[in-house]
$ cat input.pdb   # PDB, C-alpha atoms
ATOM      1  CA  MET K   1     -18.266   9.722 -14.375
ATOM      2  CA  SER K   2     -17.974   5.969 -14.821
ATOM      3  CA  ALA K   3     -20.420   3.531 -13.295
ATOM      4  CA  VAL K   4     -19.552   3.186  -9.595
ATOM      5  CA  LEU K   5     -19.619  -0.262  -8.031
ATOM      6  CA  ARG K   6     -20.367  -0.797  -4.346
ATOM      7  CA  THR K   7     -17.332  -1.817  -2.330
ATOM      8  CA  ASP K   8     -17.038  -4.152   0.656
ATOM      9  CA  ARG K   9     -15.350  -2.218   3.485
ATOM     10  CA  GLY K  10     -14.082  -5.502   4.939
ATOM     11  CA  ALA K  11     -12.251  -6.426   1.721
ATOM     12  CA  PRO K  12      -8.491  -5.917   1.383
ATOM     13  CA  GLY K  13      -7.740  -2.375   0.280
ATOM     14  CA  GLU K  14      -5.211  -0.636  -1.919
ATOM     15  CA  LEU K  15      -4.305   3.026  -2.020
ATOM     16  CA  PHE K  16      -3.588   3.823  -5.680
ATOM     17  CA  ILE K  17      -1.662   6.973  -6.658
ATOM     18  CA  TRP K  18      -0.947   7.450 -10.376
ATOM     19  CA  THR K  19       0.702  10.726 -11.300
ATOM     20  CA  ASP K  20       3.013  12.793 -13.459
ATOM     21  CA  ILE K  21       5.771  15.048 -12.181
ATOM     22  CA  ALA K  22       7.587  17.841 -14.028
ATOM     23  CA  PRO K  23      11.154  16.881 -15.084
ATOM     24  CA  GLU K  24      12.720  19.629 -12.976
ATOM     25  CA  PHE K  25      11.214  18.088  -9.823
ATOM     26  CA  GLU K  26      11.611  14.411 -10.748
ATOM     27  CA  ASP K  27      14.828  13.721  -8.816
ATOM     28  CA  ASP K  28      13.429  15.198  -5.602
ATOM     29  CA  PHE K  29      10.113  13.401  -6.156
ATOM     30  CA  ASN K  30      11.858  10.020  -6.410
ATOM     31  CA  GLN K  31      14.069  10.726  -3.397
ATOM     32  CA  TRP K  32      10.976  11.683  -1.369
ATOM     33  CA  TYR K  33       9.269   8.390  -2.197
ATOM     34  CA  ASP K  34      12.402   6.314  -1.666
ATOM     35  CA  ARG K  35      13.722   7.977   1.484
ATOM     36  CA  GLU K  36      10.514   8.950   3.278
ATOM     37  CA  HIS K  37       7.054   8.329   1.880
ATOM     38  CA  MET K  38       7.070   4.608   1.051
ATOM     39  CA  ALA K  39       8.361   3.618   4.494
ATOM     40  CA  GLU K  40       6.115   6.144   6.220
ATOM     41  CA  ARG K  41       2.991   4.621   4.668
ATOM     42  CA  ALA K  42       4.137   1.004   5.036
ATOM     43  CA  ALA K  43       4.665   1.611   8.754
ATOM     44  CA  ILE K  44       1.010   2.575   9.370
ATOM     45  CA  GLU K  45      -0.900  -0.033  11.374
ATOM     46  CA  GLY K  46      -2.989  -2.141   8.987
ATOM     47  CA  PHE K  47      -0.726  -1.646   5.932
ATOM     48  CA  ASP K  48       0.910  -4.760   4.423
ATOM     49  CA  TRP K  49       3.184  -3.375   1.701
ATOM     50  CA  SER K  50       4.105  -0.430  -0.542
ATOM     51  CA  ARG K  51       5.131  -0.708  -4.215
ATOM     52  CA  ARG K  52       6.359   1.775  -6.796
ATOM     53  CA  TYR K  53       6.268   1.458 -10.575
ATOM     54  CA  VAL K  54       7.408   3.490 -13.574
ATOM     55  CA  ARG K  55       5.510   3.400 -16.839
ATOM     56  CA  GLN K  56       7.070   2.122 -20.034
ATOM     57  CA  GLY K  57       6.040   4.333 -22.945
ATOM     58  CA  ALA K  58       4.088   7.566 -23.095
ATOM     59  CA  GLY K  59       1.471   8.571 -20.544
ATOM     60  CA  ARG K  60       1.053   9.208 -16.822
ATOM     61  CA  LYS K  61       4.429   8.030 -15.538
ATOM     62  CA  TYR K  62       4.537   6.946 -11.882
ATOM     63  CA  LEU K  63       2.301   4.534  -9.980
ATOM     64  CA  ALA K  64       2.410   3.853  -6.229
ATOM     65  CA  VAL K  65       0.206   1.151  -4.690
ATOM     66  CA  TYR K  66      -0.210   0.352  -0.985
ATOM     67  CA  ARG K  67      -2.020  -2.775   0.297
ATOM     68  CA  THR K  68      -4.035  -2.722   3.529
ATOM     69  CA  ARG K  69      -5.748  -5.515   5.421
ATOM     70  CA  SER K  70      -9.140  -3.916   4.774
ATOM     71  CA  LEU K  71     -10.709  -0.712   3.491
ATOM     72  CA  ASP K  72     -11.524   0.136   7.109
ATOM     73  CA  VAL K  73      -7.837   0.952   7.636
ATOM     74  CA  PHE K  74      -8.440   4.197   5.698
ATOM     75  CA  THR K  75     -10.859   5.379   8.406
ATOM     76  CA  SER K  76      -8.583   4.336  11.285
ATOM     77  CA  ALA K  77      -6.932   6.770  13.693
ATOM     78  CA  PRO K  78      -3.341   5.883  12.606
ATOM     79  CA  TYR K  79      -4.130   6.502   8.936
ATOM     80  CA  ARG K  80      -6.043   9.709   9.616
ATOM     81  CA  GLN K  81      -3.113  10.966  11.685
ATOM     82  CA  ALA K  82      -0.718  10.385   8.785
ATOM     83  CA  PHE K  83      -3.113  11.731   6.153
ATOM     84  CA  GLU K  84      -3.960  14.906   8.064
ATOM     85  CA  HIS K  85      -0.395  15.663   9.236
ATOM     86  CA  GLN K  86       1.785  15.442   6.149
ATOM     87  CA  THR K  87       5.502  16.218   6.327
ATOM     88  CA  PRO K  88       6.823  19.382   4.643
ATOM     89  CA  TRP K  89       8.532  17.206   2.019
ATOM     90  CA  SER K  90       5.210  15.486   1.292
ATOM     91  CA  ILE K  91       3.337  18.781   1.003
ATOM     92  CA  ALA K  92       5.940  20.094  -1.448
ATOM     93  CA  ASN K  93       5.704  17.034  -3.685
ATOM     94  CA  PHE K  94       1.921  16.808  -3.567
ATOM     95  CA  GLY K  95       1.897  20.373  -4.856
ATOM     96  CA  ARG K  96       4.196  19.466  -7.756
ATOM     97  CA  MET K  97       2.230  16.441  -8.963
ATOM     98  CA  SER K  98       0.101  16.761 -12.081
ATOM     99  CA  ASN K  99      -2.580  14.681 -13.803
ATOM    100  CA  THR K 100      -2.953  12.687 -10.581
ATOM    101  CA  GLN K 101      -5.390   9.936  -9.683
ATOM    102  CA  ARG K 102      -5.775   9.119  -5.989
ATOM    103  CA  ARG K 103      -8.094   6.192  -5.384
ATOM    104  CA  VAL K 104      -8.813   3.966  -2.407
ATOM    105  CA  MET K 105      -9.685   0.601  -3.903
ATOM    106  CA  ALA K 106     -11.310  -2.622  -2.748
ATOM    107  CA  VAL K 107      -9.261  -5.637  -3.886
ATOM    108  CA  SER K 108     -10.754  -8.697  -5.564
ATOM    109  CA  LEU K 109      -8.114 -11.421  -5.985
ATOM    110  CA  LEU K 110      -8.748 -13.382  -9.186
ATOM    111  CA  GLY K 111      -5.957 -15.938  -8.818
ATOM    112  CA  GLY K 112      -2.251 -16.638  -8.788
ATOM    113  CA  GLU K 113       0.415 -15.362  -6.440
ATOM    114  CA  GLY K 114       3.640 -13.417  -6.428
ATOM    115  CA  THR K 115       4.968 -10.017  -7.448
ATOM    116  CA  GLY K 116       6.367  -9.670 -10.945
ATOM    117  CA  GLY K 117       8.896  -7.224 -12.308
ATOM    118  CA  VAL K 118       6.286  -6.150 -14.881
ATOM    119  CA  LEU K 119       2.776  -4.858 -14.166
ATOM    120  CA  LEU K 120       0.010  -4.560 -16.738
ATOM    121  CA  LEU K 121      -2.728  -2.107 -15.754
ATOM    122  CA  ALA K 122      -6.059  -2.317 -17.607
ATOM    123  CA  ARG K 123      -8.704   0.364 -17.091
ATOM    124  CA  LEU K 124     -12.189  -1.169 -16.989
ATOM    125  CA  SER K 125     -13.999   1.913 -18.280
ATOM    126  CA  GLY K 126     -17.004  -0.067 -19.497
ATOM    127  CA  GLY K 127     -18.389  -0.563 -15.978
ATOM    128  CA  PRO K 128     -19.694  -3.946 -14.760
ATOM    129  CA  ALA K 129     -19.679  -5.489 -18.249
ATOM    130  CA  ALA K 130     -15.991  -4.681 -18.733
ATOM    131  CA  ARG K 131     -15.195  -6.013 -15.277
ATOM    132  CA  GLN K 132     -17.014  -9.278 -15.924
ATOM    133  CA  ALA K 133     -15.161  -9.682 -19.202
ATOM    134  CA  ALA K 134     -11.793  -8.998 -17.552
ATOM    135  CA  GLU K 135     -12.500 -11.481 -14.758
ATOM    136  CA  ARG K 136     -12.380 -14.211 -17.406
ATOM    137  CA  SER K 137      -8.626 -13.605 -17.556
ATOM    138  CA  ALA K 138      -8.259 -15.679 -14.350
ATOM    139  CA  GLY K 139      -8.563 -18.723 -16.585
ATOM    140  CA  TRP K 140      -5.470 -17.635 -18.511
ATOM    141  CA  LEU K 141      -3.000 -17.961 -15.615
ATOM    142  CA  ARG K 142      -1.619 -21.212 -17.037
ATOM    143  CA  GLU K 143      -1.939 -20.072 -20.649
ATOM    144  CA  VAL K 144      -0.029 -16.762 -20.732
ATOM    145  CA  ASP K 145       3.700 -17.271 -20.194
ATOM    146  CA  GLY K 146       5.006 -15.233 -17.273
ATOM    147  CA  LEU K 147       1.569 -14.341 -15.859
ATOM    148  CA  LEU K 148       1.781 -14.695 -12.065
ATOM    149  CA  ALA K 149      -1.298 -13.119 -10.482
ATOM    150  CA  LEU K 150      -4.410 -11.092 -11.278
ATOM    151  CA  ARG K 151      -6.620  -8.801  -9.230
ATOM    152  CA  VAL K 152      -9.346  -6.212  -9.779
ATOM    153  CA  LEU K 153      -9.370  -2.895  -7.913
ATOM    154  CA  THR K 154     -12.719  -1.138  -7.425
ATOM    155  CA  PRO K 155     -12.728   2.477  -6.158
ATOM    156  CA  ASP K 156     -14.599   3.437  -3.017
ATOM    157  CA  PRO K 157     -16.217   6.818  -3.853
ATOM    158  CA  GLU K 158     -16.279   8.114  -0.292
ATOM    159  CA  LEU K 159     -12.666   7.224   0.514
ATOM    160  CA  SER K 160     -11.182   8.259  -2.858
ATOM    161  CA  THR K 161     -10.772  11.931  -2.044
ATOM    162  CA  PRO K 162      -8.756  13.652  -4.801
ATOM    163  CA  LEU K 163      -5.409  15.363  -4.518
ATOM    164  CA  PRO K 164      -5.326  19.039  -5.588
ATOM    165  CA  SER K 165      -3.730  18.233  -8.953
ATOM    166  CA  GLU K 166      -6.695  16.174 -10.208
ATOM    167  CA  ASP K 167      -9.018  18.048 -12.556
ATOM    168  CA  PRO K 168     -12.589  17.579 -11.193
ATOM    169  CA  ALA K 169     -14.045  17.942 -14.683
ATOM    170  CA  ARG K 170     -12.083  14.904 -15.905
ATOM    171  CA  ARG K 171     -12.413  12.782 -12.766
ATOM    172  CA  THR K 172     -13.617   9.200 -13.245
ATOM    173  CA  LEU K 173     -13.944   6.298 -10.821
ATOM    174  CA  ASP K 174     -12.963   3.353 -12.979
ATOM    175  CA  ALA K 175     -12.109  -0.127 -11.804
ATOM    176  CA  TYR K 176      -8.759  -1.577 -12.897
ATOM    177  CA  LEU K 177      -7.417  -5.027 -13.650
ATOM    178  CA  LEU K 178      -3.808  -5.458 -12.440
ATOM    179  CA  ALA K 179      -1.626  -8.310 -13.697
ATOM    180  CA  ASP K 180       1.761  -9.250 -12.249
ATOM    181  CA  LEU K 181       4.106 -10.751 -14.838
ATOM    182  CA  THR K 182       7.734 -11.744 -15.172
ATOM    183  CA  THR K 183       8.352 -10.501 -18.727
ATOM    184  CA  VAL K 184       7.448  -7.680 -21.078
ATOM    185  CA  ALA K 185       6.593 -10.263 -23.738
ATOM    186  CA  GLY K 186       4.052 -11.820 -21.380
ATOM    187  CA  ALA K 187       2.507  -8.427 -20.627
ATOM    188  CA  ARG K 188       2.102  -7.688 -24.315
ATOM    189  CA  ALA K 189       0.600 -11.096 -24.997
ATOM    190  CA  LEU K 190      -1.892 -10.507 -22.175
ATOM    191  CA  ALA K 191      -2.692  -7.028 -23.477
ATOM    192  CA  GLU K 192      -3.445  -8.406 -26.928
ATOM    193  CA  ARG K 193      -5.707 -11.068 -25.457
ATOM    194  CA  LEU K 194      -7.584  -8.530 -23.310
ATOM    195  CA  GLN K 195      -8.227  -6.457 -26.407
ATOM    196  CA  ARG K 196      -9.254  -9.418 -28.539
ATOM    197  CA  GLU K 197     -11.360 -11.397 -26.059
ATOM    198  CA  CYS K 198     -12.570  -8.773 -23.563
ATOM    199  CA  GLY K 199     -13.035  -5.762 -25.833
ATOM    200  CA  LEU K 200     -10.593  -3.490 -23.996
ATOM    201  CA  ALA K 201      -9.107  -0.602 -25.936
ATOM    202  CA  ALA K 202      -5.369  -0.212 -26.456
ATOM    203  CA  ASP K 203      -5.535   3.212 -24.751
ATOM    204  CA  ASP K 204      -6.841   1.536 -21.579
ATOM    205  CA  LEU K 205      -3.729  -0.646 -21.190
ATOM    206  CA  SER K 206      -0.522   0.564 -19.517
ATOM    207  CA  GLU K 207       2.722  -1.329 -18.907
ATOM    208  CA  PHE K 208       4.941  -0.659 -15.880
ATOM    209  CA  SER K 209       8.249  -1.834 -14.456
ATOM    210  CA  LEU K 210       8.572  -2.442 -10.716
ATOM    211  CA  LEU K 211      10.885   0.039  -8.992
ATOM    212  CA  TRP K 212      10.659  -1.538  -5.545
ATOM    213  CA  ASP K 213       8.531  -3.483  -3.111
ATOM    214  CA  LEU K 214       8.614  -2.615   0.604
ATOM    215  CA  ARG K 215       6.873  -4.950   3.034
ATOM    216  CA  SER K 216       5.587  -3.680   6.355
ATOM    217  CA  ALA K 217       6.828  -6.824   8.128
ATOM    218  CA  ASP K 218      10.381  -6.012   7.018
ATOM    219  CA  LEU K 219      10.170  -2.596   8.659
ATOM    220  CA  LYS K 220       8.948  -4.144  11.889
ATOM    221  CA  ALA K 221      11.701  -6.789  11.812
ATOM    222  CA  GLY K 222      14.339  -4.096  11.301
ATOM    223  CA  ARG K 223      13.129  -2.217  14.365
ATOM    224  CA  ALA K 224      12.936  -5.274  16.614
TER     225      ALA K 224
END
$ encode --input "input.pdb" --output "structure tokens"
Amino acid sequence: MSAVLRTDRGAPGELFIWTDIAPEFEDDFNQWYDREHMAERAAIEGFDWSRRYVRQGAGRKYLAVYRTRSLDVFTSAPYRQAFEHQTPWSIANFGRMSNTQRRVMAVSLLGGEGTGGVLLLARLSGGPAARQAAERSAGWLREVDGLLALRVLTPDPELSTPLPSEDPARRTLDAYLLADLTTVAGARALAERLQRECGLAADDLSEFSLLWDLRSADLKAGRA
């Protein structure tokens, strides 16, 4: 298991679900997210937004990320109600997922703002030293074309209960650097710089395209 960093329960939180799904279930899996699960989670008190991504290239394919006002939201009654009373459609799709990581993360905002159409995800498997190196990337916001915003996600061990499809023998609790960008070229330039200047390995870098962004305030406005 990777070195585990202490999290601040008052910090903004993100629920991070990174998974594969068998091709024969992929259409239903995407419909479940798009028609039920994203809105269901975004509607929970204390959630700010839900986002879905699809990976470009080989590897674990789908990423869903949900922002909360604090990590404490994941111990709240509204969240526990949703987590402990899943819909039949949710139960079916959770059972079909494979190679899944479910993490509840504390968010450290490094700088910038906005949501890009491209996300670069960098696994900080080297523990605190890797994190400190990656945090230097905040100084590159004006130097890498298309780089909008950077943040680090640190897993909370107690809250990051695994889904059934995660292999306990291969489970790690790594921090991640997430970069929002406007272009693929910018993501690849940032990836090269992270490898060159921060010592990250190519295998620890994954590029995603944004599928959609659902804001909790939009749901509330639609119901007003």
$ residues_around --input "input.pdb" --residues "range 186-191 of chain K" --least-positions-apart "6" --cutoff "8 Å" --atoms "only C-alpha atoms" --output "list in words"
Val118, Leu119, Leu120, Val144, Asp145, Gly146, Leu147, Ala202, Leu205 and Glu207 of chain K
$ resolve_selection --input "input.pdb" --expression "the PyMOL selection byres ((chain K and resi 22-24) around 9)" --output "list in words"
Asp20, Ile21, Phe25, Glu26, Asp27, Asp28, Arg96, Met97 and Ser98 of chain K
$ closest_residue --input "input.pdb" --among "K:Thr75, K:Gln56, K:Thr100, K:Thr68" --to "Arg170 in chain K" --atoms "only C-alpha atoms"
K:Thr100
$ closest_residue --input "input.pdb" --among "K:Arg60, K:Arg215, K:Arg102, K:Arg193" --to "Pro164 in chain K" --atoms "all atoms listed in the file"
K:Arg102
$ residues_around --input "input.pdb" --residues "Leu194 in chain K" --least-positions-apart "3" --cutoff "9 Å" --atoms "all atoms listed in the file" --output "PyMOL selection string"
chain K and resi 122+133-134+137+189-191+197-201
$ atom_distance --input "input.pdb" --atom1 "CA of Ser50 in chain K" --atom2 "CA of Ala217 in chain K"
11.1 Å
$ residues_around --input "input.pdb" --residues "Glu45 in chain K" --least-positions-apart "4" --cutoff "10 Å" --atoms "only C-alpha atoms" --output "MDAnalysis selection string"
chainID K and resid 41 68:69 73 76:79 216
$ residues_around --input "input.pdb" --residues "Arg151 in chain K" --least-positions-apart "5" --cutoff "7 Å" --atoms "all atoms listed in the file" --output "PyMOL selection string"
chain K and resi 107-110+177-179
$ write_last_selection --input "input.pdb" --atoms "C-alpha atoms" --output "mmCIF file, in the frame of the given file"
data_model
loop_
_atom_site.group_PDB
_atom_site.id
_atom_site.type_symbol
_atom_site.label_atom_id
_atom_site.label_comp_id
_atom_site.auth_asym_id
_atom_site.auth_seq_id
_atom_site.Cartn_x
_atom_site.Cartn_y
_atom_site.Cartn_z
ATOM 1 C CA VAL K 107 -9.261 -5.637 -3.886
ATOM 2 C CA SER K 108 -10.754 -8.697 -5.564
ATOM 3 C CA LEU K 109 -8.114 -11.421 -5.985
ATOM 4 C CA LEU K 110 -8.748 -13.382 -9.186
ATOM 5 C CA LEU K 177 -7.417 -5.027 -13.650
ATOM 6 C CA LEU K 178 -3.808 -5.458 -12.440
ATOM 7 C CA ALA K 179 -1.626 -8.310 -13.697
#
$ closest_atom_pairs --input "input.pdb" --of "range 60-155 of chain K" --to "range 14-18 of chain K" --cutoff "8 Å" --atoms "all atoms listed in the file" --output "CSV"
residue,atom,partner,partner_atom,distance
K:Arg60,CA,K:Trp18,CA,7.0
K:Lys61,CA,K:Trp18,CA,7.5
K:Tyr62,CA,K:Trp18,CA,5.7
K:Leu63,CA,K:Trp18,CA,4.4
K:Ala64,CA,K:Ile17,CA,5.1
K:Val65,CA,K:Phe16,CA,4.7
K:Tyr66,CA,K:Leu15,CA,5.0
K:Arg67,CA,K:Glu14,CA,4.4
K:Thr68,CA,K:Glu14,CA,6.0
K:Leu71,CA,K:Glu14,CA,7.7
K:Thr100,CA,K:Trp18,CA,5.6
K:Gln101,CA,K:Trp18,CA,5.1
K:Arg102,CA,K:Ile17,CA,4.7
K:Arg103,CA,K:Phe16,CA,5.1
K:Val104,CA,K:Leu15,CA,4.6
K:Met105,CA,K:Glu14,CA,5.0
K:Ala106,CA,K:Glu14,CA,6.5
K:Val107,CA,K:Glu14,CA,6.7
K:Leu153,CA,K:Glu14,CA,7.6
$ atom_distance --input "input.pdb" --atom1 "CA of Ile91 in chain K" --atom2 "CA of Pro157 in chain K"
23.4 Å
$ closest_residue --input "input.pdb" --among "K:Glu84, K:Lys220, K:Asp180, K:Leu214" --to "His37 in chain K" --atoms "all atoms listed in the file"
K:Leu214
$ atom_distance --input "input.pdb" --atom1 "CA of Phe208 in chain K" --atom2 "CA of Ala82 in chain K"
27.6 Å
$ closest_residue --input "input.pdb" --among "K:Gln81, K:Asp174, K:Asp203, K:Pro162" --to "Gly57 in chain K" --atoms "all atoms listed in the file"
K:Asp203
$ build_atoms --input "input.pdb" --residues "range 164-175 of chain K" --atoms "all heavy atoms" --output "PDB file, keeping the file's coordinate frame"
ATOM      1  N   PRO K 164      -5.041  17.761  -4.918  1.00  0.00           N
ATOM      2  CA  PRO K 164      -5.326  19.039  -5.588  1.00  0.00           C
ATOM      3  C   PRO K 164      -5.034  19.040  -7.079  1.00  0.00           C
ATOM      4  O   PRO K 164      -5.658  19.803  -7.827  1.00  0.00           O
ATOM      5  CB  PRO K 164      -4.416  20.032  -4.852  1.00  0.00           C
ATOM      6  CG  PRO K 164      -4.210  19.427  -3.510  1.00  0.00           C
ATOM      7  CD  PRO K 164      -4.183  17.951  -3.727  1.00  0.00           C
ATOM      8  N   SER K 165      -4.117  18.180  -7.540  1.00  0.00           N
ATOM      9  CA  SER K 165      -3.730  18.233  -8.953  1.00  0.00           C
ATOM     10  C   SER K 165      -4.680  17.475  -9.867  1.00  0.00           C
ATOM     11  O   SER K 165      -4.465  17.450 -11.088  1.00  0.00           O
ATOM     12  CB  SER K 165      -2.316  17.667  -9.124  1.00  0.00           C
ATOM     13  OG  SER K 165      -2.261  16.322  -8.713  1.00  0.00           O
ATOM     14  N   GLU K 166      -5.737  16.862  -9.336  1.00  0.00           N
ATOM     15  CA  GLU K 166      -6.695  16.174 -10.208  1.00  0.00           C
ATOM     16  C   GLU K 166      -7.778  17.141 -10.660  1.00  0.00           C
ATOM     17  O   GLU K 166      -8.405  17.822  -9.851  1.00  0.00           O
ATOM     18  CB  GLU K 166      -7.327  14.971  -9.504  1.00  0.00           C
ATOM     19  CG  GLU K 166      -8.256  14.200 -10.431  1.00  0.00           C
ATOM     20  CD  GLU K 166      -8.669  12.851  -9.874  1.00  0.00           C
ATOM     21  OE1 GLU K 166      -8.425  12.591  -8.683  1.00  0.00           O
ATOM     22  OE2 GLU K 166      -9.237  12.058 -10.644  1.00  0.00           O
ATOM     23  N   ASP K 167      -8.012  17.173 -11.968  1.00  0.00           N
ATOM     24  CA  ASP K 167      -9.018  18.048 -12.556  1.00  0.00           C
ATOM     25  C   ASP K 167     -10.410  17.461 -12.279  1.00  0.00           C
ATOM     26  O   ASP K 167     -10.729  16.373 -12.781  1.00  0.00           O
ATOM     27  CB  ASP K 167      -8.774  18.153 -14.064  1.00  0.00           C
ATOM     28  CG  ASP K 167      -9.774  19.055 -14.769  1.00  0.00           C
ATOM     29  OD1 ASP K 167     -10.715  19.558 -14.117  1.00  0.00           O
ATOM     30  OD2 ASP K 167      -9.616  19.263 -15.992  1.00  0.00           O
ATOM     31  N   PRO K 168     -11.266  18.137 -11.502  1.00  0.00           N
ATOM     32  CA  PRO K 168     -12.589  17.579 -11.193  1.00  0.00           C
ATOM     33  C   PRO K 168     -13.434  17.311 -12.435  1.00  0.00           C
ATOM     34  O   PRO K 168     -14.243  16.375 -12.442  1.00  0.00           O
ATOM     35  CB  PRO K 168     -13.233  18.660 -10.313  1.00  0.00           C
ATOM     36  CG  PRO K 168     -12.083  19.443  -9.759  1.00  0.00           C
ATOM     37  CD  PRO K 168     -11.028  19.414 -10.828  1.00  0.00           C
ATOM     38  N   ALA K 169     -13.245  18.104 -13.476  1.00  0.00           N
ATOM     39  CA  ALA K 169     -14.045  17.942 -14.683  1.00  0.00           C
ATOM     40  C   ALA K 169     -13.706  16.657 -15.435  1.00  0.00           C
ATOM     41  O   ALA K 169     -14.513  16.153 -16.215  1.00  0.00           O
ATOM     42  CB  ALA K 169     -13.850  19.145 -15.600  1.00  0.00           C
ATOM     43  N   ARG K 170     -12.515  16.116 -15.203  1.00  0.00           N
ATOM     44  CA  ARG K 170     -12.083  14.904 -15.905  1.00  0.00           C
ATOM     45  C   ARG K 170     -12.024  13.688 -14.977  1.00  0.00           C
ATOM     46  O   ARG K 170     -11.574  12.636 -15.367  1.00  0.00           O
ATOM     47  CB  ARG K 170     -10.705  15.141 -16.537  1.00  0.00           C
ATOM     48  CG  ARG K 170     -10.673  16.295 -17.523  1.00  0.00           C
ATOM     49  CD  ARG K 170      -9.266  16.574 -18.012  1.00  0.00           C
ATOM     50  NE  ARG K 170      -8.694  15.424 -18.703  1.00  0.00           N
ATOM     51  CZ  ARG K 170      -7.432  15.372 -19.134  1.00  0.00           C
ATOM     52  NH1 ARG K 170      -6.622  16.384 -18.907  1.00  0.00           N
ATOM     53  NH2 ARG K 170      -6.993  14.310 -19.764  1.00  0.00           N
ATOM     54  N   ARG K 171     -12.525  13.845 -13.772  1.00  0.00           N
ATOM     55  CA  ARG K 171     -12.413  12.782 -12.766  1.00  0.00           C
ATOM     56  C   ARG K 171     -13.358  11.624 -13.083  1.00  0.00           C
ATOM     57  O   ARG K 171     -14.553  11.814 -13.336  1.00  0.00           O
ATOM     58  CB  ARG K 171     -12.734  13.376 -11.399  1.00  0.00           C
ATOM     59  CG  ARG K 171     -12.706  12.377 -10.246  1.00  0.00           C
ATOM     60  CD  ARG K 171     -12.870  13.150  -8.943  1.00  0.00           C
ATOM     61  NE  ARG K 171     -13.190  12.317  -7.818  1.00  0.00           N
ATOM     62  CZ  ARG K 171     -12.306  11.601  -7.135  1.00  0.00           C
ATOM     63  NH1 ARG K 171     -11.042  11.640  -7.488  1.00  0.00           N
ATOM     64  NH2 ARG K 171     -12.679  10.864  -6.113  1.00  0.00           N
ATOM     65  N   THR K 172     -12.821  10.418 -13.078  1.00  0.00           N
ATOM     66  CA  THR K 172     -13.617   9.200 -13.245  1.00  0.00           C
ATOM     67  C   THR K 172     -13.262   8.234 -12.125  1.00  0.00           C
ATOM     68  O   THR K 172     -12.192   8.328 -11.528  1.00  0.00           O
ATOM     69  CB  THR K 172     -13.347   8.520 -14.603  1.00  0.00           C
ATOM     70  OG1 THR K 172     -11.968   8.151 -14.684  1.00  0.00           O
ATOM     71  CG2 THR K 172     -13.700   9.449 -15.760  1.00  0.00           C
ATOM     72  N   LEU K 173     -14.168   7.321 -11.847  1.00  0.00           N
ATOM     73  CA  LEU K 173     -13.944   6.298 -10.821  1.00  0.00           C
ATOM     74  C   LEU K 173     -14.029   4.925 -11.476  1.00  0.00           C
ATOM     75  O   LEU K 173     -14.992   4.178 -11.290  1.00  0.00           O
ATOM     76  CB  LEU K 173     -14.954   6.447  -9.681  1.00  0.00           C
ATOM     77  CG  LEU K 173     -14.783   7.683  -8.796  1.00  0.00           C
ATOM     78  CD1 LEU K 173     -15.925   7.784  -7.799  1.00  0.00           C
ATOM     79  CD2 LEU K 173     -13.444   7.670  -8.066  1.00  0.00           C
ATOM     80  N   ASP K 174     -13.007   4.613 -12.257  1.00  0.00           N
ATOM     81  CA  ASP K 174     -12.963   3.353 -12.979  1.00  0.00           C
ATOM     82  C   ASP K 174     -12.340   2.257 -12.132  1.00  0.00           C
ATOM     83  O   ASP K 174     -11.429   2.505 -11.333  1.00  0.00           O
ATOM     84  CB  ASP K 174     -12.121   3.498 -14.257  1.00  0.00           C
ATOM     85  CG  ASP K 174     -12.724   4.475 -15.239  1.00  0.00           C
ATOM     86  OD1 ASP K 174     -13.917   4.339 -15.554  1.00  0.00           O
ATOM     87  OD2 ASP K 174     -11.997   5.377 -15.700  1.00  0.00           O
ATOM     88  N   ALA K 175     -12.801   1.039 -12.347  1.00  0.00           N
ATOM     89  CA  ALA K 175     -12.109  -0.127 -11.804  1.00  0.00           C
ATOM     90  C   ALA K 175     -10.919  -0.449 -12.703  1.00  0.00           C
ATOM     91  O   ALA K 175     -10.863  -0.041 -13.870  1.00  0.00           O
ATOM     92  CB  ALA K 175     -13.063  -1.314 -11.733  1.00  0.00           C
TER      93      ALA K 175
END
